[in-house]
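One file, structure_0.cif, is given below (mmCIF, C-alpha atoms).
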```
data_entry
loop_
_atom_site.label_atom_id
_atom_site.label_comp_id
_atom_site.auth_asym_id
_atom_site.auth_seq_id
_atom_site.Cartn_x
_atom_site.Cartn_y
_atom_site.Cartn_z
CA MET A 1 -0.42 -21.56 10.26
CA SER A 2 -3.58 -19.48 10.49
CA PHE A 3 -3.76 -15.70 10.72
CA GLY A 4 -2.79 -13.91 13.94
CA PHE A 5 -1.25 -10.77 15.40
CA GLU A 6 0.85 -10.32 18.53
CA ILE A 7 2.09 -7.00 19.94
CA THR A 8 5.76 -7.23 20.96
CA GLY A 9 6.65 -3.65 21.91
CA ARG A 10 5.11 -0.22 22.38
CA LEU A 11 5.65 3.49 21.95
CA GLU A 12 3.82 6.04 24.04
CA GLY A 13 0.40 6.31 22.40
CA HIS A 14 -0.64 3.84 19.69
CA GLY A 15 2.75 3.05 18.13
CA ARG A 16 3.94 -0.52 18.52
CA THR A 17 5.95 -3.41 17.14
CA GLY A 18 4.39 -6.79 16.49
CA THR A 19 4.27 -10.03 14.53
CA ILE A 20 1.61 -10.88 11.95
CA THR A 21 1.30 -14.63 11.36
CA THR A 22 0.00 -15.90 8.01
CA PRO A 23 -0.16 -19.32 6.30
CA HIS A 24 2.92 -18.35 4.27
CA GLY A 25 5.10 -16.95 7.03
CA SER A 26 5.35 -14.15 9.57
CA ILE A 27 5.76 -10.38 9.16
CA GLU A 28 7.66 -8.39 11.78
CA THR A 29 5.98 -4.99 12.13
CA PRO A 30 6.21 -2.15 11.38
CA ALA A 31 6.93 -3.42 7.87
CA PHE A 32 6.89 -2.07 4.33
CA VAL A 33 4.96 -4.30 1.91
CA VAL A 34 6.43 -4.10 -1.60
CA VAL A 35 3.88 -3.53 -4.38
CA GLY A 36 3.84 -5.98 -7.27
CA THR A 37 0.75 -4.69 -9.06
CA LYS A 38 0.38 -7.38 -11.72
CA ALA A 39 1.99 -10.20 -9.68
CA THR A 40 5.40 -8.69 -10.37
CA VAL A 41 7.53 -5.82 -9.12
CA LYS A 42 8.50 -4.31 -12.46
CA GLY A 43 12.01 -5.33 -13.47
CA VAL A 44 12.83 -7.26 -10.27
CA LEU A 45 12.87 -11.02 -9.64
CA PRO A 46 11.09 -12.40 -6.55
CA GLU A 47 14.46 -13.81 -5.45
CA GLN A 48 15.85 -10.28 -5.51
CA LEU A 49 12.95 -9.08 -3.35
CA THR A 50 13.93 -11.71 -0.80
CA ASP A 51 17.56 -10.58 -0.91
CA LEU A 52 16.62 -6.92 -0.35
CA GLY A 53 14.66 -7.87 2.78
CA ALA A 54 11.04 -7.68 1.63
CA GLN A 55 8.74 -9.59 3.96
CA ALA A 56 5.53 -9.44 1.90
CA VAL A 57 4.20 -8.42 -1.52
CA LEU A 58 0.90 -6.74 -2.45
CA ALA A 59 -0.79 -7.28 -5.84
CA ASN A 60 -3.76 -5.57 -7.43
CA ALA A 61 -7.11 -7.35 -7.72
CA TYR A 62 -8.39 -5.07 -10.51
CA HIS A 63 -5.41 -5.65 -12.79
CA LEU A 64 -5.19 -9.40 -12.15
CA TYR A 65 -8.93 -9.72 -12.75
CA LEU A 66 -8.48 -8.22 -16.22
CA GLN A 67 -5.26 -10.08 -16.97
CA PRO A 68 -4.63 -13.01 -16.73
CA GLY A 69 -7.88 -13.64 -14.80
CA PRO A 70 -8.30 -14.83 -11.18
CA ASP A 71 -9.27 -18.35 -12.29
CA ILE A 72 -5.81 -18.82 -13.81
CA VAL A 73 -4.09 -17.57 -10.63
CA ASP A 74 -6.29 -19.91 -8.59
CA GLU A 75 -5.44 -22.86 -10.82
CA ALA A 76 -1.73 -22.04 -10.43
CA GLY A 77 -2.05 -22.42 -6.65
CA GLY A 78 -2.64 -18.80 -5.70
CA LEU A 79 -0.75 -15.55 -6.05
CA GLY A 80 2.45 -16.65 -4.30
CA ALA A 81 2.81 -19.86 -6.31
CA PHE A 82 1.90 -18.07 -9.55
CA MET A 83 4.65 -15.44 -9.17
CA ASN A 84 7.14 -17.71 -7.34
CA TRP A 85 7.06 -15.63 -4.14
CA GLN A 86 7.42 -17.76 -1.04
CA GLY A 87 6.33 -15.25 1.60
CA PRO A 88 3.06 -13.60 2.69
CA THR A 89 0.92 -11.86 0.07
CA PHE A 90 -1.71 -9.09 0.10
CA THR A 91 -4.29 -8.09 -2.50
CA ASP A 92 -6.23 -4.83 -2.56
CA SER A 93 -9.91 -4.74 -3.49
CA GLY A 94 -9.83 -2.66 -6.67
CA GLY A 95 -11.25 0.40 -4.92
CA PHE A 96 -8.36 2.67 -5.88
CA GLN A 97 -8.67 1.78 -9.56
CA VAL A 98 -12.39 2.54 -9.42
CA MET A 99 -11.60 6.03 -8.12
CA SER A 100 -8.88 6.50 -10.72
CA LEU A 101 -11.07 5.34 -13.59
CA GLY A 102 -13.91 7.50 -12.33
CA SER A 103 -11.73 10.59 -12.31
CA GLY A 104 -9.75 9.93 -15.47
CA PHE A 105 -6.49 8.14 -16.16
CA LYS A 106 -3.36 8.83 -14.09
CA LYS A 107 -5.34 10.43 -11.27
CA VAL A 108 -3.29 10.46 -8.08
CA LEU A 109 -4.55 10.53 -4.51
CA ALA A 110 -3.35 14.00 -3.53
CA MET A 111 -2.27 14.63 0.07
CA ASP A 112 -2.60 18.39 -0.24
CA THR A 113 -5.63 20.39 -1.38
CA ALA A 114 -3.64 23.46 -2.40
CA GLY A 115 -4.40 24.36 -5.99
CA LEU A 116 -7.03 21.65 -6.42
CA ALA A 117 -10.46 22.39 -7.82
CA ASP A 118 -13.68 21.46 -6.07
CA ASP A 119 -15.71 18.27 -6.05
CA ASP A 120 -15.59 15.54 -8.66
CA VAL A 121 -12.84 16.83 -10.95
CA VAL A 122 -12.15 14.77 -14.07
CA ALA A 123 -8.59 14.59 -15.38
CA GLU A 124 -8.26 16.88 -18.37
CA GLY A 125 -9.09 15.25 -21.68
CA LYS A 126 -10.00 11.87 -20.21
CA ALA A 127 -13.42 10.24 -20.20
CA ARG A 128 -14.88 8.88 -17.00
CA LEU A 129 -14.63 5.07 -17.18
CA ALA A 130 -16.30 4.11 -13.88
CA HIS A 131 -19.65 4.90 -12.29
CA VAL A 132 -20.50 4.14 -8.66
CA ASP A 133 -23.93 3.27 -7.31
CA ASP A 134 -25.08 1.81 -4.00
CA ASP A 135 -24.79 -1.77 -5.25
CA GLY A 136 -21.32 -1.54 -6.80
CA VAL A 137 -19.32 -0.09 -9.67
CA THR A 138 -19.66 -0.38 -13.44
CA PHE A 139 -16.47 0.31 -15.34
CA HIS A 140 -14.79 -0.10 -18.70
CA SER A 141 -11.45 -1.86 -18.96
CA HIS A 142 -8.52 0.45 -19.60
CA LEU A 143 -7.09 -2.37 -21.76
CA ASN A 144 -9.81 -2.82 -24.37
CA GLY A 145 -12.88 -0.88 -23.27
CA ASP A 146 -14.92 -3.95 -22.26
CA ARG A 147 -17.65 -3.29 -19.70
CA HIS A 148 -17.35 -4.91 -16.25
CA ARG A 149 -19.15 -4.81 -12.92
CA PHE A 150 -17.60 -4.96 -9.43
CA THR A 151 -19.72 -5.48 -6.33
CA PRO A 152 -18.55 -6.43 -2.83
CA GLU A 153 -19.36 -10.04 -3.66
CA VAL A 154 -17.44 -9.94 -6.94
CA SER A 155 -14.38 -8.40 -5.25
CA MET A 156 -14.44 -11.09 -2.56
CA GLY A 157 -14.73 -13.81 -5.20
CA ILE A 158 -11.78 -12.44 -7.15
CA GLN A 159 -9.59 -12.08 -4.07
CA HIS A 160 -10.42 -15.57 -2.83
CA GLN A 161 -9.34 -16.95 -6.19
CA LEU A 162 -6.14 -14.88 -6.07
CA GLY A 163 -5.46 -16.56 -2.72
CA ALA A 164 -3.53 -13.85 -0.90
CA ASP A 165 -2.96 -14.18 2.85
CA VAL A 166 -4.48 -10.73 3.43
CA MET A 167 -7.21 -9.11 1.35
CA PHE A 168 -9.27 -5.95 1.71
CA ALA A 169 -13.00 -5.27 1.74
CA PHE A 170 -14.37 -3.47 -1.30
CA ASP A 171 -14.68 0.23 -0.51
CA GLU A 172 -15.38 3.50 -2.26
CA LEU A 173 -12.26 5.61 -2.27
CA THR A 174 -12.78 9.37 -2.21
CA THR A 175 -10.32 12.23 -2.56
CA LEU A 176 -9.72 15.48 -0.71
CA MET A 177 -11.58 17.19 -3.57
CA ASN A 178 -14.91 15.56 -2.77
CA THR A 179 -17.43 17.58 -0.75
CA ARG A 180 -18.27 16.89 2.88
CA ALA A 181 -21.75 15.77 1.84
CA TYR A 182 -20.33 13.24 -0.60
CA GLN A 183 -17.82 11.98 2.00
CA GLU A 184 -20.73 11.25 4.36
CA LEU A 185 -22.60 9.27 1.70
CA SER A 186 -19.43 7.41 0.76
CA VAL A 187 -18.69 6.34 4.34
CA GLU A 188 -22.23 4.94 4.61
CA ARG A 189 -21.83 3.13 1.29
CA THR A 190 -18.46 1.68 2.29
CA HIS A 191 -19.94 0.41 5.57
CA ALA A 192 -22.83 -1.27 3.75
CA TRP A 193 -20.35 -2.88 1.36
CA ALA A 194 -18.25 -4.04 4.35
CA VAL A 195 -21.25 -5.94 5.71
CA ARG A 196 -21.67 -7.67 2.36
CA CYS A 197 -17.94 -8.42 2.13
CA LEU A 198 -17.97 -10.12 5.53
CA ALA A 199 -20.97 -12.25 4.58
CA GLU A 200 -19.44 -13.31 1.26
CA HIS A 201 -16.03 -13.89 2.86
CA ALA A 202 -17.61 -16.20 5.45
CA ARG A 203 -19.44 -18.10 2.71
CA LEU A 204 -16.38 -18.48 0.49
CA THR A 205 -14.18 -19.49 3.41
CA ARG A 206 -16.57 -22.35 4.14
CA GLU A 207 -16.83 -23.25 0.46
CA ARG A 208 -13.05 -23.26 0.00
CA SER A 209 -12.19 -24.95 3.29
CA ASP A 210 -9.41 -26.91 1.60
CA LYS A 211 -7.52 -23.65 1.00
CA PRO A 212 -5.38 -21.76 3.57
CA TYR A 213 -7.36 -19.15 5.52
CA GLN A 214 -7.32 -15.65 4.02
CA ALA A 215 -7.57 -12.71 6.40
CA LEU A 216 -10.00 -9.90 5.52
CA PHE A 217 -9.27 -6.28 6.47
CA GLY A 218 -12.03 -3.65 6.57
CA VAL A 219 -11.10 -0.26 5.12
CA VAL A 220 -11.69 2.95 7.08
CA GLN A 221 -12.60 6.01 5.01
CA GLY A 222 -13.65 9.54 5.97
CA ALA A 223 -11.00 11.79 4.40
CA GLN A 224 -9.89 14.66 6.66
CA TYR A 225 -12.97 14.69 8.89
CA GLU A 226 -12.50 13.50 12.48
CA ASP A 227 -16.14 12.56 13.12
CA LEU A 228 -16.34 10.55 9.88
CA ARG A 229 -13.05 8.75 10.50
CA ARG A 230 -14.01 7.85 14.07
CA SER A 231 -17.53 6.72 13.24
CA ALA A 232 -16.30 4.67 10.25
CA ALA A 233 -13.67 2.97 12.41
CA ARG A 234 -16.13 2.23 15.21
CA GLY A 235 -18.64 0.83 12.76
CA LEU A 236 -16.14 -1.57 11.20
CA ALA A 237 -14.74 -2.61 14.58
CA GLN A 238 -18.20 -3.63 15.79
CA LEU A 239 -19.21 -5.57 12.68
CA GLU A 240 -19.79 -9.30 12.83
CA VAL A 241 -21.64 -11.19 10.10
CA ASP A 242 -22.22 -14.96 10.13
CA GLY A 243 -19.66 -15.24 12.92
CA GLN A 244 -17.08 -13.39 10.81
CA SER A 245 -15.44 -10.14 11.91
CA PHE A 246 -12.55 -8.28 10.33
CA ASP A 247 -9.06 -9.69 10.96
CA GLY A 248 -7.46 -6.26 10.64
CA TYR A 249 -8.06 -2.83 9.17
CA GLY A 250 -6.92 -0.79 6.22
CA LEU A 251 -6.41 2.91 6.86
CA GLY A 252 -7.45 4.24 3.49
CA GLY A 253 -8.58 7.15 1.40
CA ALA A 254 -7.42 10.72 1.23
CA LEU A 255 -5.07 11.74 4.04
CA GLU A 256 -3.88 15.32 4.45
CA LYS A 257 -0.09 15.11 4.68
CA GLN A 258 0.22 17.78 7.35
CA ASN A 259 -2.34 15.95 9.51
CA LEU A 260 -1.46 12.36 8.61
CA GLY A 261 -0.43 11.31 12.12
CA THR A 262 -3.45 12.96 13.69
CA ILE A 263 -5.89 11.27 11.29
CA ILE A 264 -4.30 7.86 11.83
CA GLY A 265 -4.52 8.48 15.58
CA TRP A 266 -8.27 9.10 15.33
CA MET A 267 -8.73 5.73 13.68
CA ALA A 268 -6.37 3.92 16.06
CA ASP A 269 -8.36 5.31 19.00
CA GLU A 270 -11.45 3.47 17.76
CA LEU A 271 -9.98 0.24 16.36
CA PRO A 272 -9.20 -2.90 18.39
CA GLU A 273 -5.68 -2.97 19.84
CA ASP A 274 -5.22 -6.65 19.09
CA LYS A 275 -5.67 -6.41 15.32
CA PRO A 276 -3.18 -5.05 12.75
CA ARG A 277 -3.60 -1.76 10.86
CA HIS A 278 -2.38 -1.38 7.30
CA LEU A 279 -1.84 2.11 5.87
CA LEU A 280 -2.56 2.11 2.16
CA GLY A 281 -0.33 4.00 -0.27
CA ILE A 282 2.35 5.65 1.92
CA SER A 283 6.17 5.45 1.62
CA GLU A 284 7.79 8.89 2.06
CA PRO A 285 10.14 8.90 5.08
CA ASP A 286 8.38 11.62 7.08
CA ASP A 287 5.01 9.92 6.51
CA LEU A 288 6.39 6.56 7.65
CA PHE A 289 7.65 7.98 10.94
CA ALA A 290 4.39 9.83 11.56
CA ALA A 291 2.33 6.76 10.73
CA VAL A 292 4.29 4.40 12.99
CA ALA A 293 4.06 6.83 15.89
CA ALA A 294 0.29 7.06 15.38
CA GLY A 295 -0.25 3.30 15.29
CA ALA A 296 0.07 1.96 11.72
CA ASP A 297 1.69 -1.48 11.47
CA THR A 298 2.24 -2.11 7.76
CA PHE A 299 2.42 0.06 4.62
CA ASP A 300 2.43 -0.33 0.86
CA CYS A 301 3.19 2.08 -1.95
CA VAL A 302 4.23 1.94 -5.61
CA ASN A 303 6.39 5.04 -5.24
CA PRO A 304 9.83 3.48 -4.60
CA SER A 305 9.67 1.45 -7.82
CA ARG A 306 7.76 4.03 -9.84
CA VAL A 307 10.22 6.87 -9.25
CA ALA A 308 13.14 4.45 -9.72
CA ARG A 309 12.02 3.84 -13.30
CA ASN A 310 12.30 7.61 -13.80
CA ALA A 311 15.87 7.72 -12.42
CA ALA A 312 14.97 9.14 -8.99
CA ILE A 313 17.15 7.67 -6.25
CA TYR A 314 16.54 7.69 -2.48
CA THR A 315 19.54 8.23 -0.21
CA ALA A 316 20.19 9.08 3.42
CA ASP A 317 20.79 12.65 2.24
CA GLY A 318 17.56 13.01 0.29
CA ARG A 319 16.46 12.18 -3.23
CA TYR A 320 18.29 12.97 -6.48
CA ASN A 321 18.05 12.09 -10.18
CA VAL A 322 20.88 9.86 -11.39
CA ASN A 323 20.36 10.81 -15.04
CA THR A 324 21.61 14.38 -14.57
CA ALA A 325 25.08 15.60 -15.54
CA SER A 326 26.41 15.45 -11.97
CA SER A 327 26.36 11.62 -12.10
CA ARG A 328 27.98 11.21 -15.50
CA ARG A 329 31.47 10.67 -14.04
CA ALA A 330 30.44 9.76 -10.47
CA PHE A 331 32.25 6.45 -9.95
CA LYS A 332 30.72 5.76 -6.55
CA PRO A 333 27.60 3.98 -5.24
CA LEU A 334 24.13 5.46 -5.55
CA ASP A 335 24.19 5.98 -1.78
CA ASP A 336 27.37 5.76 0.29
CA GLY A 337 26.88 3.18 3.02
CA CYS A 338 23.91 1.45 1.36
CA ASP A 339 23.99 -2.35 1.59
CA CYS A 340 21.87 -3.13 -1.49
CA TYR A 341 23.05 -5.25 -4.42
CA THR A 342 23.14 -2.25 -6.76
CA CYS A 343 25.34 -0.14 -4.51
CA ALA A 344 27.70 -3.07 -3.90
CA HIS A 345 28.31 -3.68 -7.61
CA TYR A 346 27.52 -0.57 -9.69
CA THR A 347 28.23 3.15 -9.83
CA ARG A 348 26.17 6.26 -10.38
CA ALA A 349 28.04 6.76 -13.65
CA TYR A 350 26.93 3.34 -14.88
CA LEU A 351 23.28 3.94 -14.00
CA HIS A 352 23.51 7.38 -15.61
CA HIS A 353 24.67 5.63 -18.79
CA LEU A 354 21.89 3.01 -18.60
CA PHE A 355 19.16 5.61 -18.24
CA LYS A 356 20.56 7.76 -21.03
CA ALA A 357 20.82 4.69 -23.26
CA LYS A 358 17.27 3.66 -22.26
CA GLU A 359 18.44 0.22 -21.16
CA ILE A 360 16.01 -1.99 -19.22
CA LEU A 361 18.69 -2.76 -16.65
CA ALA A 362 18.50 0.84 -15.44
CA SER A 363 15.03 0.27 -13.97
CA THR A 364 16.04 -3.03 -12.38
CA LEU A 365 19.08 -1.65 -10.57
CA ALA A 366 17.37 1.57 -9.47
CA THR A 367 14.32 -0.33 -8.22
CA ILE A 368 16.43 -2.76 -6.17
CA HIS A 369 18.05 0.23 -4.49
CA ASN A 370 14.87 2.20 -3.77
CA GLU A 371 12.96 -0.81 -2.48
CA ARG A 372 15.89 -1.75 -0.23
CA PHE A 373 16.09 1.83 1.04
CA THR A 374 12.39 1.83 2.01
CA VAL A 375 12.34 -1.69 3.47
CA ARG A 376 15.49 -0.97 5.49
CA LEU A 377 14.12 2.33 6.77
CA VAL A 378 11.01 0.67 8.20
CA ASP A 379 13.17 -2.14 9.60
CA ASP A 380 15.32 0.49 11.32
CA ILE A 381 12.21 2.23 12.66
CA ARG A 382 11.06 -1.10 14.11
CA ALA A 383 14.47 -1.64 15.73
CA ALA A 384 14.41 1.89 17.16
CA VAL A 385 10.98 1.32 18.72
CA ARG A 386 12.21 -1.89 20.32
CA ALA A 387 15.36 -0.17 21.62
CA GLY A 388 13.48 2.86 22.96
CA ASP A 389 15.31 5.18 20.52
CA PHE A 390 12.44 6.08 18.17
CA ASP A 391 12.37 9.84 18.83
CA ALA A 392 16.13 10.23 18.53
CA PHE A 393 16.26 8.14 15.35
CA ARG A 394 13.40 10.12 13.78
CA THR A 395 15.10 13.45 14.53
CA GLU A 396 18.46 12.28 13.18
CA PHE A 397 17.13 10.59 10.05
CA LEU A 398 14.65 13.23 8.95
CA GLY A 399 17.05 16.06 9.78
CA ARG A 400 19.57 14.58 7.37
CA PHE A 401 17.11 13.43 4.68
CA TYR A 402 15.36 16.80 4.46
CA ALA A 403 18.40 19.00 5.14
CA GLU A 404 18.36 20.47 1.63
CA ARG A 405 14.68 21.35 1.99
CA SER A 406 15.40 23.02 5.35
CA ARG A 407 18.18 25.14 3.84
CA SER A 408 15.91 26.31 1.03
#
```

Render the structure in this file as structure tokens.
Amino acid sequence: MSFGFEITGRLEGHGRTGTITTPHGSIETPAFVVVGTKATVKGVLPEQLTDLGAQAVLANAYHLYLQPGPDIVDEAGGLGAFMNWQGPTFTDSGGFQVMSLGSGFKKVLAMDTAGLADDDVVAEGKARLAHVDDDGVTFHSHLNGDRHRFTPEVSMGIQHQLGADVMFAFDELTTLMNTRAYQELSVERTHAWAVRCLAEHARLTRERSDKPYQALFGVVQGAQYEDLRRSAARGLAQLEVDGQSFDGYGLGGALEKQNLGTIIGWMADELPEDKPRHLLGISEPDDLFAAVAAGADTFDCVNPSRVARNAAIYTADGRYNVNTASSRRAFKPLDDGCDCYTCAHYTRAYLHHLFKAKEILASTLATIHNERFTVRLVDDIRAAVRAGDFDAFRTEFLGRFYAERSRS
């Protein structure tokens, strides 16, 4: 199978359901793509990902470039074969890591500017490890300090070797803290890099014609500015280099939470209807509903597994920490009514014990639950769109999930 996208249902506006076809299987959309940064979802077997309903997995080009190296993944038969995942795979371009390294370790892409300082803030006590110029990015490995260079061509070469079904053009990721002037320069730079990515993708596709086709998504930047988002989207939609255009689009960069749906709508207005749109780095329930309504088709985020490793559990009634005293003698599932493996076989009291005892199994069981919760939620959103019940389902689900917040 080659790459394709078919729209199967619609909401009023840009929201829709569809089917993405890849060489390694189909994805029913909207869909949540589970993040396996280093060709693994921490603590969870690929077989368990299948059991919890995951349709696709996304890995990180930056991390796999540093370790074990894209040549090894290529020799293994590509990302899916390397990690024993049978379904579709995605790889990002490394753009997020460039931003993170440039701002200091553990920098997060904030969705709210409240309390943030102005332009170009460096995380306290951390040296800047990446420097961007018009040709690419020079950075130092967070593993051993070695110096490396990413350009659009290098990113394309790495991702072709990784062999994912969907990959993303190399872009410069900005934050809400960057100035308007810098956002304008960054959008221009990202567009210039997109042209180079298309050219290199076309060349490598011809060179590696014995391999399954890999789809390339352009990434739309522009932060919270309508004119920048629209012009960036139009520019990418019109691009064609050596007969190659983008197969889909990543909706990237800094997104103000309170305006998330509006910003996605600006981009959807300008992008082709017949190509899929992937929203990078989103998984909170209210954001998922807003994004689907505005026209996003797929999503990825590390949050479900990351918070699971810190004992935070998603439920229909909101989020709680299972390592607190209230769960010590709670001999019931993490979430009443949940159909995941963890809830069918283990209790809150047992997970409370595992986290307190610092047992590895705690992260595995909590991650299975949180990933299943997120995958199932997007599956239910898709079913609601098809049934014509999206608005009612959104009101019911979010009203219950955020009830505690509403009371406070």

For segment 181-196 of chain A, work out the shell of residues within 7 Å, counting all atoms listed in the file and skipping chain neighbours fewer than 6 positions away, then give it as a PyMOL selection string. chain A and resi 134+152-153+169-172+218+221-222+232+241

Within 9 Å of Val375 of chain A, counting only C-alpha atoms, which residues show up once you throw out same-chain ones fewer than 6 positions away? Write them as a list of chain:residue names, please.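 Here the qualifying residues turn out to be A:Ala31, A:Phe32, A:Val33, A:Val34, A:Leu52, A:Gly53, A:Ala54, A:Gln55.
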
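For the file shown, the residue list from the PyMOL selection byres ((chain A and resi 254) around 7) reads Leu109, Met111, Thr174, Thr175, Leu176, Ala223, Gly252, Gly253, Leu255 and Glu256 of chain A.
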
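Taking atom CA of His14 of chain A and atom CA of Arg372 of chain A as the two end points, the separation is 26.5 Å.
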
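Between atom CA of Arg149 of chain A and atom CA of Gly163 of chain A the separation is 20.7 Å.
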
Given the file above and the PyMOL selection byres ((chain A and resi 243-246) around 9), which residues are selected, and can you give them as a ChimeraX atom specification? /A:198-199,201-202,215-218,236-242,247-249,275

Applying the PyMOL selection byres ((chain A and resi 20) around 10) to the file I just gave you, which residues come out? Please list them as a VMD selection string. chain A and resid 3 to 7 18 to 19 21 to 22 25 to 30 88 275 to 276 297 to 298

Would you pick out the contacts of Asp51 of chain A at 10 Å or less, using all atoms listed in the file, so that residues sharing its chain but fewer than 6 positions from it are not included, and give the list as an NGL selection string? :A and (45 or 340-341 or 368 or 372)

Return the padded bounding box of segment 142-160 of chain A as AutoDock Vina command-line options: axis-aligned, built from all atoms listed in the file, 4 Å added on each side, with centre and edge lengths in Å to one decimal.
```
--center_x -13.4 --center_y -7.6 --center_z -13.5 --size_x 20.6 --size_y 24.0 --size_z 29.8
```

If we count all atoms listed in the file, what is near Arg400 of chain A at a cut-off of 12 Å, once residues fewer than 4 positions away on the same chain are taken out, given as a PyMOL selection string? chain A and resi 285-286+315-319+393-396+404-407

Which one of A:His63, A:Lys332, A:Lys42, A:Lys257 sits closest to Leu361 of chain A if you count all atoms listed in the file?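 Of the candidates, the smallest distance to Leu361 of chain A is held by A:Lys42.
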
How many Å separate atom CA of Val73 of chain A from atom CA of Leu173 of chain A?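 Computing the Euclidean distance for atom CA of Val73 of chain A and atom CA of Leu173 of chain A yields 26.0 Å.
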
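For the set A:Pro70, A:Gly265, A:Gly95, A:Pro46, the residue with the smallest atom-to-atom gap to Leu162 of chain A is A:Pro70, counting only C-alpha atoms.
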
Completion of segment 292-305 of chain A up to N, CA and C atoms, as a compact mmCIF listing (two decimals), keeping the file's coordinate frame:
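Everything below was put into selection29.txt:
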```txt
# COMPACT_ATOMS: atom_id res chain seq x y z
N VAL A 292 3.91 5.37 11.95
CA VAL A 292 4.29 4.40 12.99
C VAL A 292 3.98 4.96 14.37
N ALA A 293 4.32 6.22 14.59
CA ALA A 293 4.06 6.83 15.89
C ALA A 293 2.57 6.85 16.21
N ALA A 294 1.74 6.97 15.18
CA ALA A 294 0.29 7.06 15.38
C ALA A 294 -0.39 5.70 15.45
N GLY A 295 0.33 4.61 15.10
CA GLY A 295 -0.25 3.30 15.29
C GLY A 295 -0.42 2.43 14.06
N ALA A 296 0.13 2.82 12.91
CA ALA A 296 0.07 1.96 11.72
C ALA A 296 1.13 0.86 11.83
N ASP A 297 0.80 -0.33 11.35
CA ASP A 297 1.69 -1.48 11.47
C ASP A 297 2.38 -1.86 10.17
N THR A 298 1.67 -1.78 9.05
CA THR A 298 2.24 -2.11 7.76
C THR A 298 1.84 -1.04 6.75
N PHE A 299 2.60 -0.99 5.64
CA PHE A 299 2.42 0.06 4.62
C PHE A 299 2.67 -0.56 3.26
N ASP A 300 2.07 0.03 2.23
CA ASP A 300 2.43 -0.33 0.86
C ASP A 300 2.41 0.92 0.03
N CYS A 301 3.21 0.94 -1.03
CA CYS A 301 3.19 2.08 -1.95
C CYS A 301 3.98 1.71 -3.20
N VAL A 302 3.51 2.17 -4.36
CA VAL A 302 4.23 1.94 -5.61
C VAL A 302 5.39 2.91 -5.80
N ASN A 303 5.48 3.94 -4.97
CA ASN A 303 6.39 5.04 -5.24
C ASN A 303 7.86 4.63 -5.36
N PRO A 304 8.40 3.80 -4.47
CA PRO A 304 9.83 3.48 -4.60
C PRO A 304 10.19 2.91 -5.96
N SER A 305 9.36 2.01 -6.50
CA SER A 305 9.67 1.45 -7.82
C SER A 305 9.29 2.39 -8.95
```
